[in-house]
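What follows is one structure encoded as structure tokens, with my remarks underneath.
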Amino acid sequence: MLEIAENGRTWLLSGPLSSYAVHLTGDDELLHLHWGPRIALADAEALAARPLPDHSSFESPLDGREEYPVEGGPRFVRPALSVRTDERRGTEWGFEAYETEGDELRLRFRDAGAAVTLHYRMRDDVVERWVTLDNQGPAPLELLRADSATWTLPDRDGWRLSQLHGRWAAESRLTQSYLTYGEKVIGSRRGHTGHQHLPWVALDTDATEERGEVYGCALGWSGSWRIAVAQLPDARVQITGGAGHDDSGLLRLAAGESFTTPVFAGLWSDGGFGGASRAWHAYQRTYVIPEADRDRPVLFNSWEATHFDISEERQRALARRAAAIGVELFVVDDGWFGARTGERAGLGDWTPNPDRFPAGLKPLADDVHALGMQFGIWVEPEMVNPDSDLYRAHPDWVQYQTGRKRTELRHQLVLNLAREDVQEYLWERLDTLLTSAPIDYVKWDFNRSFTDAGWPGEAYPQRLWVDHVHALYALLDRLRAAHPGVAFESCSGGGGRIDLGIMSRTDQVWTSDNTDPLDRLSIQHGFSQVHPARVMAAWVTDSPNVQLNGRVSSLRFRFVSAMAGVLGVGGDLTRWTEEELAEARDWVGLYKEIRPLVQHGDLYRLRPPQGGLSAVQYVRGDEAVVLACLQAQRYGEPVPALRLRGLDPTASYECRETGEVHRGAVLLHHGLRTGLHGDLDATVIRLRRI
Ligand code: DGJ
């Protein structure tokens with residue numbers, strides 16, 4: 001809901017539980033008023049009437065209070081907008097008008113030929129903010145920095161920052177630290193979202209999992225990005241974020257050109273970290289993820305089973321076993337195309353390897369369909385191996401700097417997707433591929449970061465960083481429109497490209513190349529802070545773990561860990577015993593029963609993975625399911641009961657596993673005994689209200 005003061009200078013956006021208000025002063029300074037619990041327009045107007053504090057000649061009354069600090073004038077904070085023309089640097093804007101369209105509010109400002117529009121939209125309790133910049137003047141306008149938003153927090157003592165940090169095979173691990181004066185900057189200068197940080201931060205002072213105020217911000221951009229959290233000299237806190245990592249030049253807008261920043265979304269919750277996560281999840285399922293109300297199938301992926309050693313026969317053998325355990329989607333990973341028999345060759349040549357698939361992919365796809373499964377393939381369209389037909393034909397299609405070495409990582413170079421000929425090549429190849437065989441699913445990988453991001457002949461600052469992302473989005477949009485039955489997974493060596501931007505164009509994401517079920521608990525715990533289980537792909541692989549650490553774990557532990565997301569199987573099923581296959585079939589069957597709760601229900605994190613016992617609970621309607629994992633029982637001490645959440649204290653619940661009837665109040669206050677013991681034990685407990 002949007003309310004506007006009579007004088008047209010105070011705007012109040014409200015969701016079911018929260019409000020967000022801004023105010024334009026008589027001097028056209030756009031000030032932040034409120035972000036927090038729901039308030040009335042009269043409250044916002046009362047806030048607007050408060051005078052700005054006194055200040056010395058070394059301070060600015062605007063700092064820490066402005067909605068979108070520009071560069072120039074009495075401001076010393078990090079500018080969200082920094083522009084220059086050949087004559088001037090900075091912005092001195094005047095307010096032009098506000099507009100509304102549906103639930104979107106637009107505040108339009110102008111500085112000479114530059115039109116700056118701030119956009120706001122409330123989606124339930126998530127505020128979406130973005131900015132458009134139009135160069136309406138005759139001269140080029142250089143955007144040194146154009147952030148999507150600056151978020152202002154209320155005055156409080158002791159802000160704590162939560163972030164999700166990581167690296168390859170160790171993504172999205174939650175870490176918390178108290179803010180001190182100055183700035184904390186996270187981001188990626190790699191050309192993709194990166195494994196190092198998810199573009200999300202949360203700020204609180206005293207929140208727990210279930211209680212307290214949490215402010216969260218998440219960016220929808222799949223290229224380089226930056227979020228800066230600043231505690232200013234008066235202890236006020238602002239969070240500024242957007243595309244691009246530094247301030248040295250994002251884009252040059254020629255006369256008549258415009259740029260729209262990605263969305264930076266913000267959420268206030270007083271339900272603690274759990275409440276904030278549930279609100280983020282609901283927002284993404286409703287507004288971001290395509291067709292999120294549809295179940296994601298249980299998939300099998302060939303990567304850990306075969307690596308590059310792909311043959312039609314071996315894939316068929318795996319497919320037969322996958323079908324027998326209840327898998328619904330069979331995915332052939334890397335190695336089916338070009339001369340791709342290892343990392344060194346073939347990327348870029350998106351036609352089936354003639355030795356491995358003499359009649360193309362269709363015969364295998366047909367067989368997979370005949371087994372009752374969907375068929376999927378792996379691609380990595382943005383890359384090329386120097387040893388490929390594509391590179392031999394078009395060595396200038398990659399990112400490179402004239403006269404400099406072309407840095408290879410994993411023996412591959414990055415295609416310059418800003419080029420229209422590259423875009424057309426990829427569209428033609430992928431469209432042909434998806435037409436050539438009944439393909440239902442595409443795992444879209446991206447296995448190296450930008451290093452030599454140059455486009456010889458193009459003026460600086462080069463559009464390549466931004467246009468690569470736009471071209472990727474356009475390609476995905478075009479493929480989705482042309483092949484509406486095909487689902488896409490975003491992968492970047494695991495979780496190197498997970499953000500709200502890619503999520504609005506893909507159906508799920510590959511969370512991490514780390515398939516060790518114990519490590520995964522922490523990775524999933526962090527991931528779940530912002531993103532829902534509906535997109536979080538998780539595979540059961542072999543024991544000892546092949547990909548990473550050789551850890552030995554039971555099938556039970558591996559399945560329970562992976563069933564907390566979109567379940568997949570990635571082990572070499574041709575080596576699994578009959579007993580293991582039978583057990584796997586039972587787990588897959590159980591997953592299908594609980595899938596509606598996991599993929600569409602509300603998540604409650606009952607205990608974090610640190611320490612012995614960790615558990616998550618999903619609730620939907622009258623049903624709940626608990627997935628509990630015990631890392632290690634110490635000193636023979638009893639494993640604690642799990643206090644459940646989201647139940648009706650006045651109702652009774654039947655445990656589907658034991659037939660026992662539990663009272664809701666008892667489960668909520670005293671907990672559920674899991675029966676777990678020893679090391680790496682795990683269980684699934686289903687409850688139904690009676
Ligand atoms: C990285 C992915 O994360 C893996 O799952 C696998 O697809 C490999 N790439 C294939 O090269």
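Residue numbers start at 1 in each chain; chains themselves are named A, B, ... in the order of the structure tokens; ligands are numbered from 1 in the order shown.
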Open item on the list: For ligand 1, return the neighbouring residues as a list in words (distance at most 6 Å; only C-alpha atoms and all ligand atoms).
Closed with: Trp303, Asp333, Asp334, Cys491, Ser492, Gly493, Gly494 and Asp513 of chain A
Include all heavy atoms and write out the residues we just selected as a PDB file, in the first residue's frame.
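Once written, result30.pdb looks like this:
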ATOM      1  N   TRP A 303      27.802 -36.254 -12.857  1.00  0.00           N
ATOM      2  CA  TRP A 303      29.148 -35.717 -12.715  1.00  0.00           C
ATOM      3  C   TRP A 303      30.054 -36.547 -11.805  1.00  0.00           C
ATOM      4  O   TRP A 303      31.114 -36.999 -12.200  1.00  0.00           O
ATOM      5  CB  TRP A 303      29.081 -34.255 -12.247  1.00  0.00           C
ATOM      6  CG  TRP A 303      30.430 -33.642 -12.009  1.00  0.00           C
ATOM      7  CD1 TRP A 303      30.935 -33.183 -10.821  1.00  0.00           C
ATOM      8  CD2 TRP A 303      31.469 -33.433 -12.983  1.00  0.00           C
ATOM      9  NE1 TRP A 303      32.194 -32.694 -10.993  1.00  0.00           N
ATOM     10  CE2 TRP A 303      32.555 -32.840 -12.313  1.00  0.00           C
ATOM     11  CE3 TRP A 303      31.577 -33.696 -14.357  1.00  0.00           C
ATOM     12  CZ2 TRP A 303      33.735 -32.493 -12.968  1.00  0.00           C
ATOM     13  CZ3 TRP A 303      32.763 -33.357 -15.008  1.00  0.00           C
ATOM     14  CH2 TRP A 303      33.818 -32.762 -14.320  1.00  0.00           C
ATOM     15  N   ASP A 333      25.930 -34.652 -17.277  1.00  0.00           N
ATOM     16  CA  ASP A 333      26.754 -33.473 -16.972  1.00  0.00           C
ATOM     17  C   ASP A 333      27.827 -33.292 -18.043  1.00  0.00           C
ATOM     18  O   ASP A 333      27.715 -33.805 -19.165  1.00  0.00           O
ATOM     19  CB  ASP A 333      27.340 -33.625 -15.551  1.00  0.00           C
ATOM     20  CG  ASP A 333      27.618 -32.294 -14.877  1.00  0.00           C
ATOM     21  OD1 ASP A 333      28.678 -31.703 -15.187  1.00  0.00           O
ATOM     22  OD2 ASP A 333      26.793 -31.810 -14.076  1.00  0.00           O
ATOM     23  N   ASP A 334      28.859 -32.570 -17.715  1.00  0.00           N
ATOM     24  CA  ASP A 334      29.949 -32.201 -18.613  1.00  0.00           C
ATOM     25  C   ASP A 334      30.510 -33.413 -19.369  1.00  0.00           C
ATOM     26  O   ASP A 334      30.669 -34.481 -18.786  1.00  0.00           O
ATOM     27  CB  ASP A 334      31.054 -31.587 -17.733  1.00  0.00           C
ATOM     28  CG  ASP A 334      32.027 -30.755 -18.518  1.00  0.00           C
ATOM     29  OD1 ASP A 334      31.964 -30.770 -19.748  1.00  0.00           O
ATOM     30  OD2 ASP A 334      32.846 -30.082 -17.879  1.00  0.00           O
ATOM     31  N   CYS A 491      24.403 -22.657 -12.105  1.00  0.00           N
ATOM     32  CA  CYS A 491      25.541 -23.275 -11.431  1.00  0.00           C
ATOM     33  C   CYS A 491      26.756 -22.443 -11.783  1.00  0.00           C
ATOM     34  O   CYS A 491      26.853 -21.905 -12.888  1.00  0.00           O
ATOM     35  CB  CYS A 491      25.712 -24.702 -11.943  1.00  0.00           C
ATOM     36  SG  CYS A 491      27.234 -25.509 -11.418  1.00  0.00           S
ATOM     37  N   SER A 492      27.665 -22.292 -10.856  1.00  0.00           N
ATOM     38  CA  SER A 492      28.941 -21.676 -11.188  1.00  0.00           C
ATOM     39  C   SER A 492      29.974 -22.360 -10.310  1.00  0.00           C
ATOM     40  O   SER A 492      30.240 -21.923  -9.190  1.00  0.00           O
ATOM     41  CB  SER A 492      28.893 -20.166 -10.915  1.00  0.00           C
ATOM     42  OG  SER A 492      30.182 -19.604 -11.033  1.00  0.00           O
ATOM     43  N   GLY A 493      30.441 -23.513 -10.795  1.00  0.00           N
ATOM     44  CA  GLY A 493      31.340 -24.307  -9.962  1.00  0.00           C
ATOM     45  C   GLY A 493      30.726 -24.486  -8.584  1.00  0.00           C
ATOM     46  O   GLY A 493      31.369 -24.270  -7.568  1.00  0.00           O
ATOM     47  N   GLY A 494      29.450 -24.864  -8.542  1.00  0.00           N
ATOM     48  CA  GLY A 494      28.681 -24.855  -7.298  1.00  0.00           C
ATOM     49  C   GLY A 494      27.941 -23.537  -7.187  1.00  0.00           C
ATOM     50  O   GLY A 494      27.285 -23.096  -8.130  1.00  0.00           O
ATOM     51  N   ASP A 513      29.618 -27.368  -4.909  1.00  0.00           N
ATOM     52  CA  ASP A 513      30.229 -28.614  -5.367  1.00  0.00           C
ATOM     53  C   ASP A 513      30.572 -29.518  -4.184  1.00  0.00           C
ATOM     54  O   ASP A 513      30.974 -30.661  -4.369  1.00  0.00           O
ATOM     55  CB  ASP A 513      31.516 -28.314  -6.159  1.00  0.00           C
ATOM     56  CG  ASP A 513      31.218 -28.091  -7.635  1.00  0.00           C
ATOM     57  OD1 ASP A 513      30.085 -28.362  -8.056  1.00  0.00           O
ATOM     58  OD2 ASP A 513      32.126 -27.627  -8.352  1.00  0.00           O
TER      59      ASP A 513
END
Exercise: range 69-78 of chain A partners within 9 Å, only C-alpha atoms, chain neighbours under 3 positions left out, as a PDB file with all heavy atoms, in the first residue's frame:
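Okay, this is what ended up in result14.pdb:
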ATOM      1  N   LEU A  30      16.069  14.596  -0.231  1.00  0.00           N
ATOM      2  CA  LEU A  30      15.213  13.432  -0.003  1.00  0.00           C
ATOM      3  C   LEU A  30      15.725  12.677   1.214  1.00  0.00           C
ATOM      4  O   LEU A  30      16.796  12.065   1.170  1.00  0.00           O
ATOM      5  CB  LEU A  30      15.212  12.526  -1.242  1.00  0.00           C
ATOM      6  CG  LEU A  30      14.220  11.366  -1.158  1.00  0.00           C
ATOM      7  CD1 LEU A  30      12.772  11.871  -1.184  1.00  0.00           C
ATOM      8  CD2 LEU A  30      14.455  10.380  -2.299  1.00  0.00           C
ATOM      9  N   GLU A  59      30.708  18.758   9.670  1.00  0.00           N
ATOM     10  CA  GLU A  59      29.735  17.683   9.494  1.00  0.00           C
ATOM     11  C   GLU A  59      28.598  18.131   8.593  1.00  0.00           C
ATOM     12  O   GLU A  59      28.406  19.323   8.375  1.00  0.00           O
ATOM     13  CB  GLU A  59      29.152  17.272  10.850  1.00  0.00           C
ATOM     14  CG  GLU A  59      30.109  16.448  11.687  1.00  0.00           C
ATOM     15  CD  GLU A  59      30.009  16.793  13.159  1.00  0.00           C
ATOM     16  OE1 GLU A  59      29.046  17.458  13.556  1.00  0.00           O
ATOM     17  OE2 GLU A  59      30.930  16.399  13.896  1.00  0.00           O
ATOM     18  N   SER A  60      27.859  17.126   8.134  1.00  0.00           N
ATOM     19  CA  SER A  60      26.693  17.420   7.303  1.00  0.00           C
ATOM     20  C   SER A  60      25.448  16.879   7.981  1.00  0.00           C
ATOM     21  O   SER A  60      25.435  15.713   8.404  1.00  0.00           O
ATOM     22  CB  SER A  60      26.848  16.758   5.941  1.00  0.00           C
ATOM     23  OG  SER A  60      25.601  16.754   5.289  1.00  0.00           O
ATOM     24  N   PRO A  61      24.406  17.678   8.076  1.00  0.00           N
ATOM     25  CA  PRO A  61      23.165  17.167   8.665  1.00  0.00           C
ATOM     26  C   PRO A  61      22.498  16.122   7.767  1.00  0.00           C
ATOM     27  O   PRO A  61      21.644  15.362   8.207  1.00  0.00           O
ATOM     28  CB  PRO A  61      22.289  18.420   8.774  1.00  0.00           C
ATOM     29  CG  PRO A  61      22.782  19.332   7.711  1.00  0.00           C
ATOM     30  CD  PRO A  61      24.249  19.062   7.580  1.00  0.00           C
ATOM     31  N   LEU A  62      22.924  16.083   6.513  1.00  0.00           N
ATOM     32  CA  LEU A  62      22.319  15.116   5.582  1.00  0.00           C
ATOM     33  C   LEU A  62      22.915  13.727   5.747  1.00  0.00           C
ATOM     34  O   LEU A  62      22.254  12.721   5.469  1.00  0.00           O
ATOM     35  CB  LEU A  62      22.536  15.579   4.136  1.00  0.00           C
ATOM     36  CG  LEU A  62      21.949  16.936   3.765  1.00  0.00           C
ATOM     37  CD1 LEU A  62      22.325  17.294   2.325  1.00  0.00           C
ATOM     38  CD2 LEU A  62      20.431  16.908   3.921  1.00  0.00           C
ATOM     39  N   ASP A  63      24.163  13.683   6.185  1.00  0.00           N
ATOM     40  CA  ASP A  63      24.844  12.389   6.234  1.00  0.00           C
ATOM     41  C   ASP A  63      24.107  11.419   7.156  1.00  0.00           C
ATOM     42  O   ASP A  63      23.781  11.746   8.290  1.00  0.00           O
ATOM     43  CB  ASP A  63      26.288  12.561   6.706  1.00  0.00           C
ATOM     44  CG  ASP A  63      27.179  13.068   5.577  1.00  0.00           C
ATOM     45  OD1 ASP A  63      26.675  13.205   4.443  1.00  0.00           O
ATOM     46  OD2 ASP A  63      28.368  13.327   5.839  1.00  0.00           O
ATOM     47  N   GLY A  64      23.873  10.239   6.633  1.00  0.00           N
ATOM     48  CA  GLY A  64      23.185   9.219   7.424  1.00  0.00           C
ATOM     49  C   GLY A  64      21.679   9.365   7.393  1.00  0.00           C
ATOM     50  O   GLY A  64      20.970   8.578   8.027  1.00  0.00           O
ATOM     51  N   ARG A  65      21.183  10.359   6.687  1.00  0.00           N
ATOM     52  CA  ARG A  65      19.733  10.588   6.663  1.00  0.00           C
ATOM     53  C   ARG A  65      19.161  10.597   5.252  1.00  0.00           C
ATOM     54  O   ARG A  65      17.960  10.552   5.074  1.00  0.00           O
ATOM     55  CB  ARG A  65      19.398  11.917   7.337  1.00  0.00           C
ATOM     56  CG  ARG A  65      19.655  11.851   8.815  1.00  0.00           C
ATOM     57  CD  ARG A  65      19.417  13.125   9.558  1.00  0.00           C
ATOM     58  NE  ARG A  65      19.583  12.859  10.975  1.00  0.00           N
ATOM     59  CZ  ARG A  65      20.752  12.739  11.582  1.00  0.00           C
ATOM     60  NH1 ARG A  65      21.866  12.901  10.907  1.00  0.00           N
ATOM     61  NH2 ARG A  65      20.840  12.440  12.863  1.00  0.00           N
ATOM     62  N   GLU A  66      20.013  10.646   4.265  1.00  0.00           N
ATOM     63  CA  GLU A  66      19.506  10.764   2.894  1.00  0.00           C
ATOM     64  C   GLU A  66      19.171   9.395   2.302  1.00  0.00           C
ATOM     65  O   GLU A  66      19.850   8.406   2.546  1.00  0.00           O
ATOM     66  CB  GLU A  66      20.546  11.456   2.012  1.00  0.00           C
ATOM     67  CG  GLU A  66      20.481  12.966   2.110  1.00  0.00           C
ATOM     68  CD  GLU A  66      21.321  13.598   1.031  1.00  0.00           C
ATOM     69  OE1 GLU A  66      22.539  13.321   0.978  1.00  0.00           O
ATOM     70  OE2 GLU A  66      20.770  14.364   0.232  1.00  0.00           O
ATOM     71  N   LEU A  81      25.527   7.665  -5.903  1.00  0.00           N
ATOM     72  CA  LEU A  81      25.616   8.060  -7.310  1.00  0.00           C
ATOM     73  C   LEU A  81      26.808   8.974  -7.506  1.00  0.00           C
ATOM     74  O   LEU A  81      26.950   9.988  -6.807  1.00  0.00           O
ATOM     75  CB  LEU A  81      24.334   8.801  -7.726  1.00  0.00           C
ATOM     76  CG  LEU A  81      24.304   9.249  -9.190  1.00  0.00           C
ATOM     77  CD1 LEU A  81      24.258   8.043 -10.121  1.00  0.00           C
ATOM     78  CD2 LEU A  81      23.097  10.154  -9.448  1.00  0.00           C
ATOM     79  N   SER A  82      27.647   8.606  -8.447  1.00  0.00           N
ATOM     80  CA  SER A  82      28.801   9.427  -8.770  1.00  0.00           C
ATOM     81  C   SER A  82      28.900   9.489 -10.293  1.00  0.00           C
ATOM     82  O   SER A  82      29.085   8.462 -10.947  1.00  0.00           O
ATOM     83  CB  SER A  82      30.057   8.784  -8.158  1.00  0.00           C
ATOM     84  OG  SER A  82      31.193   9.475  -8.564  1.00  0.00           O
ATOM     85  N   VAL A  83      28.721  10.686 -10.845  1.00  0.00           N
ATOM     86  CA  VAL A  83      28.716  10.829 -12.310  1.00  0.00           C
ATOM     87  C   VAL A  83      29.637  11.977 -12.714  1.00  0.00           C
ATOM     88  O   VAL A  83      29.967  12.849 -11.904  1.00  0.00           O
ATOM     89  CB  VAL A  83      27.294  11.107 -12.859  1.00  0.00           C
ATOM     90  CG1 VAL A  83      26.345   9.991 -12.504  1.00  0.00           C
ATOM     91  CG2 VAL A  83      26.761  12.434 -12.350  1.00  0.00           C
ATOM     92  N   ARG A  89      31.811  17.116 -12.261  1.00  0.00           N
ATOM     93  CA  ARG A  89      31.652  15.844 -11.571  1.00  0.00           C
ATOM     94  C   ARG A  89      30.646  16.037 -10.448  1.00  0.00           C
ATOM     95  O   ARG A  89      30.573  17.094  -9.838  1.00  0.00           O
ATOM     96  CB  ARG A  89      33.006  15.416 -11.009  1.00  0.00           C
ATOM     97  CG  ARG A  89      32.945  14.107 -10.255  1.00  0.00           C
ATOM     98  CD  ARG A  89      34.309  13.595  -9.906  1.00  0.00           C
ATOM     99  NE  ARG A  89      34.152  12.466  -9.004  1.00  0.00           N
ATOM    100  CZ  ARG A  89      34.931  11.417  -8.968  1.00  0.00           C
ATOM    101  NH1 ARG A  89      35.966  11.345  -9.761  1.00  0.00           N
ATOM    102  NH2 ARG A  89      34.702  10.444  -8.116  1.00  0.00           N
ATOM    103  N   GLY A  90      29.858  15.023 -10.170  1.00  0.00           N
ATOM    104  CA  GLY A  90      28.889  15.100  -9.077  1.00  0.00           C
ATOM    105  C   GLY A  90      27.508  15.496  -9.567  1.00  0.00           C
ATOM    106  O   GLY A  90      27.265  15.674 -10.766  1.00  0.00           O
ATOM    107  N   THR A  91      26.603  15.610  -8.619  1.00  0.00           N
ATOM    108  CA  THR A  91      25.190  15.848  -8.947  1.00  0.00           C
ATOM    109  C   THR A  91      24.636  16.939  -8.036  1.00  0.00           C
ATOM    110  O   THR A  91      24.883  16.921  -6.829  1.00  0.00           O
ATOM    111  CB  THR A  91      24.368  14.553  -8.718  1.00  0.00           C
ATOM    112  OG1 THR A  91      24.949  13.511  -9.494  1.00  0.00           O
ATOM    113  CG2 THR A  91      22.918  14.721  -9.102  1.00  0.00           C
ATOM    114  N   GLU A  92      23.912  17.848  -8.624  1.00  0.00           N
ATOM    115  CA  GLU A  92      23.147  18.805  -7.823  1.00  0.00           C
ATOM    116  C   GLU A  92      21.744  18.766  -8.399  1.00  0.00           C
ATOM    117  O   GLU A  92      21.457  19.425  -9.399  1.00  0.00           O
ATOM    118  CB  GLU A  92      23.752  20.202  -7.948  1.00  0.00           C
ATOM    119  CG  GLU A  92      23.173  21.196  -6.965  1.00  0.00           C
ATOM    120  CD  GLU A  92      23.859  22.545  -7.122  1.00  0.00           C
ATOM    121  OE1 GLU A  92      23.406  23.335  -7.982  1.00  0.00           O
ATOM    122  OE2 GLU A  92      24.850  22.783  -6.415  1.00  0.00           O
ATOM    123  N   TRP A  93      20.931  17.918  -7.783  1.00  0.00           N
ATOM    124  CA  TRP A  93      19.660  17.653  -8.422  1.00  0.00           C
ATOM    125  C   TRP A  93      18.518  18.467  -7.828  1.00  0.00           C
ATOM    126  O   TRP A  93      18.580  18.950  -6.711  1.00  0.00           O
ATOM    127  CB  TRP A  93      19.346  16.166  -8.408  1.00  0.00           C
ATOM    128  CG  TRP A  93      19.181  15.525  -7.046  1.00  0.00           C
ATOM    129  CD1 TRP A  93      19.069  16.169  -5.854  1.00  0.00           C
ATOM    130  CD2 TRP A  93      19.090  14.136  -6.771  1.00  0.00           C
ATOM    131  NE1 TRP A  93      18.913  15.266  -4.848  1.00  0.00           N
ATOM    132  CE2 TRP A  93      18.918  14.001  -5.380  1.00  0.00           C
ATOM    133  CE3 TRP A  93      19.135  12.980  -7.543  1.00  0.00           C
ATOM    134  CZ2 TRP A  93      18.793  12.769  -4.768  1.00  0.00           C
ATOM    135  CZ3 TRP A  93      19.003  11.768  -6.918  1.00  0.00           C
ATOM    136  CH2 TRP A  93      18.846  11.663  -5.556  1.00  0.00           C
ATOM    137  N   THR A 150      20.435   3.161  -1.096  1.00  0.00           N
ATOM    138  CA  THR A 150      21.076   3.275   0.218  1.00  0.00           C
ATOM    139  C   THR A 150      19.981   3.029   1.248  1.00  0.00           C
ATOM    140  O   THR A 150      18.901   3.623   1.162  1.00  0.00           O
ATOM    141  CB  THR A 150      21.675   4.679   0.409  1.00  0.00           C
ATOM    142  OG1 THR A 150      22.757   4.835  -0.508  1.00  0.00           O
ATOM    143  CG2 THR A 150      22.192   4.878   1.828  1.00  0.00           C
ATOM    144  N   ALA A 228      28.263  -1.953   0.757  1.00  0.00           N
ATOM    145  CA  ALA A 228      29.066  -1.321   1.811  1.00  0.00           C
ATOM    146  C   ALA A 228      28.169  -1.013   3.001  1.00  0.00           C
ATOM    147  O   ALA A 228      27.120  -0.392   2.846  1.00  0.00           O
ATOM    148  CB  ALA A 228      29.693  -0.032   1.276  1.00  0.00           C
ATOM    149  N   ALA A 230      28.110   0.957   6.403  1.00  0.00           N
ATOM    150  CA  ALA A 230      28.908   2.012   7.040  1.00  0.00           C
ATOM    151  C   ALA A 230      28.312   2.404   8.383  1.00  0.00           C
ATOM    152  O   ALA A 230      27.107   2.641   8.492  1.00  0.00           O
ATOM    153  CB  ALA A 230      28.947   3.241   6.132  1.00  0.00           C
ATOM    154  N   LEU A 232      28.563   5.433  10.622  1.00  0.00           N
ATOM    155  CA  LEU A 232      29.027   6.812  10.471  1.00  0.00           C
ATOM    156  C   LEU A 232      29.496   7.367  11.821  1.00  0.00           C
ATOM    157  O   LEU A 232      29.263   6.757  12.870  1.00  0.00           O
ATOM    158  CB  LEU A 232      27.898   7.659   9.887  1.00  0.00           C
ATOM    159  CG  LEU A 232      27.363   7.117   8.547  1.00  0.00           C
ATOM    160  CD1 LEU A 232      26.177   7.940   8.073  1.00  0.00           C
ATOM    161  CD2 LEU A 232      28.458   7.099   7.492  1.00  0.00           C
ATOM    162  N   THR A 240      24.784   0.577   1.430  1.00  0.00           N
ATOM    163  CA  THR A 240      24.694   1.018   0.040  1.00  0.00           C
ATOM    164  C   THR A 240      25.147  -0.119  -0.868  1.00  0.00           C
ATOM    165  O   THR A 240      26.162  -0.758  -0.579  1.00  0.00           O
ATOM    166  CB  THR A 240      25.602   2.251  -0.182  1.00  0.00           C
ATOM    167  OG1 THR A 240      25.180   3.269   0.713  1.00  0.00           O
ATOM    168  CG2 THR A 240      25.489   2.773  -1.599  1.00  0.00           C
TER     169      THR A 240
END
Non-local contacts of range 214-221 of chain A (6 Å; only C-alpha atoms; under 6 positions in same chain excluded) as an mmCIF file with N, CA and C atoms, in the first residue's frame:
data_model
loop_
_atom_site.group_PDB
_atom_site.id
_atom_site.type_symbol
_atom_site.label_atom_id
_atom_site.label_comp_id
_atom_site.auth_asym_id
_atom_site.auth_seq_id
_atom_site.Cartn_x
_atom_site.Cartn_y
_atom_site.Cartn_z
ATOM 1 N N PRO A 199 25.204 -11.935 -2.130
ATOM 2 C CA PRO A 199 24.893 -10.504 -2.028
ATOM 3 C C PRO A 199 23.731 -10.242 -1.074
ATOM 4 N N TRP A 200 23.985 -10.464 0.169
ATOM 5 C CA TRP A 200 22.977 -10.326 1.229
ATOM 6 C C TRP A 200 23.689 -9.903 2.508
ATOM 7 N N VAL A 201 23.082 -9.016 3.243
ATOM 8 C CA VAL A 201 23.554 -8.718 4.609
ATOM 9 C C VAL A 201 22.327 -8.627 5.497
ATOM 10 N N ALA A 202 22.537 -8.852 6.788
ATOM 11 C CA ALA A 202 21.465 -8.636 7.763
ATOM 12 C C ALA A 202 22.065 -7.900 8.951
ATOM 13 N N LEU A 203 21.289 -6.995 9.490
ATOM 14 C CA LEU A 203 21.749 -6.186 10.619
ATOM 15 C C LEU A 203 20.753 -6.334 11.759
ATOM 16 N N ASP A 204 21.291 -6.568 12.938
ATOM 17 C CA ASP A 204 20.426 -6.639 14.117
ATOM 18 C C ASP A 204 21.214 -6.132 15.317
ATOM 19 N N PRO A 262 20.188 -2.812 -11.020
ATOM 20 C CA PRO A 262 19.448 -3.981 -10.537
ATOM 21 C C PRO A 262 18.632 -3.622 -9.297
ATOM 22 N N VAL A 263 17.739 -4.499 -8.944
ATOM 23 C CA VAL A 263 16.937 -4.289 -7.726
ATOM 24 C C VAL A 263 17.773 -4.642 -6.495
ATOM 25 N N PHE A 264 17.710 -3.769 -5.514
ATOM 26 C CA PHE A 264 18.282 -4.061 -4.192
ATOM 27 C C PHE A 264 17.078 -4.127 -3.264
ATOM 28 N N ALA A 265 16.822 -5.301 -2.727
ATOM 29 C CA ALA A 265 15.607 -5.501 -1.937
ATOM 30 C C ALA A 265 15.930 -5.424 -0.452
ATOM 31 N N GLY A 266 15.018 -4.889 0.317
ATOM 32 C CA GLY A 266 15.218 -4.770 1.762
ATOM 33 C C GLY A 266 14.026 -5.313 2.516
ATOM 34 N N LEU A 267 14.304 -5.893 3.654
ATOM 35 C CA LEU A 267 13.243 -6.512 4.450
ATOM 36 C C LEU A 267 13.463 -6.205 5.914
ATOM 37 N N TRP A 268 12.420 -5.752 6.592
ATOM 38 C CA TRP A 268 12.455 -5.633 8.055
ATOM 39 C C TRP A 268 11.564 -6.709 8.638
ATOM 40 N N SER A 269 12.047 -7.338 9.675
ATOM 41 C CA SER A 269 11.225 -8.339 10.355
ATOM 42 C C SER A 269 11.469 -8.210 11.842
ATOM 43 N N GLY A 272 12.914 -12.223 14.365
ATOM 44 C CA GLY A 272 14.240 -12.823 14.459
ATOM 45 C C GLY A 272 14.744 -13.274 13.093
ATOM 46 N N ASP A 499 21.917 -15.321 -6.742
ATOM 47 C CA ASP A 499 21.447 -13.991 -6.367
ATOM 48 C C ASP A 499 20.033 -13.857 -6.885
ATOM 49 N N LEU A 500 19.345 -12.802 -6.469
ATOM 50 C CA LEU A 500 17.938 -12.648 -6.861
ATOM 51 C C LEU A 500 17.780 -12.422 -8.362
ATOM 52 N N GLY A 501 18.827 -11.919 -9.023
ATOM 53 C CA GLY A 501 18.745 -11.672 -10.460
ATOM 54 C C GLY A 501 18.693 -12.975 -11.236
#
Task: Exercise: Trp35 in chain A partners within 12 Å, only C-alpha atoms, chain neighbours under 6 positions left out, as a ChimeraX atom specification - done: /A:12-15,17-22,44,47,67,122,125-127,151-155,213-216,266-270
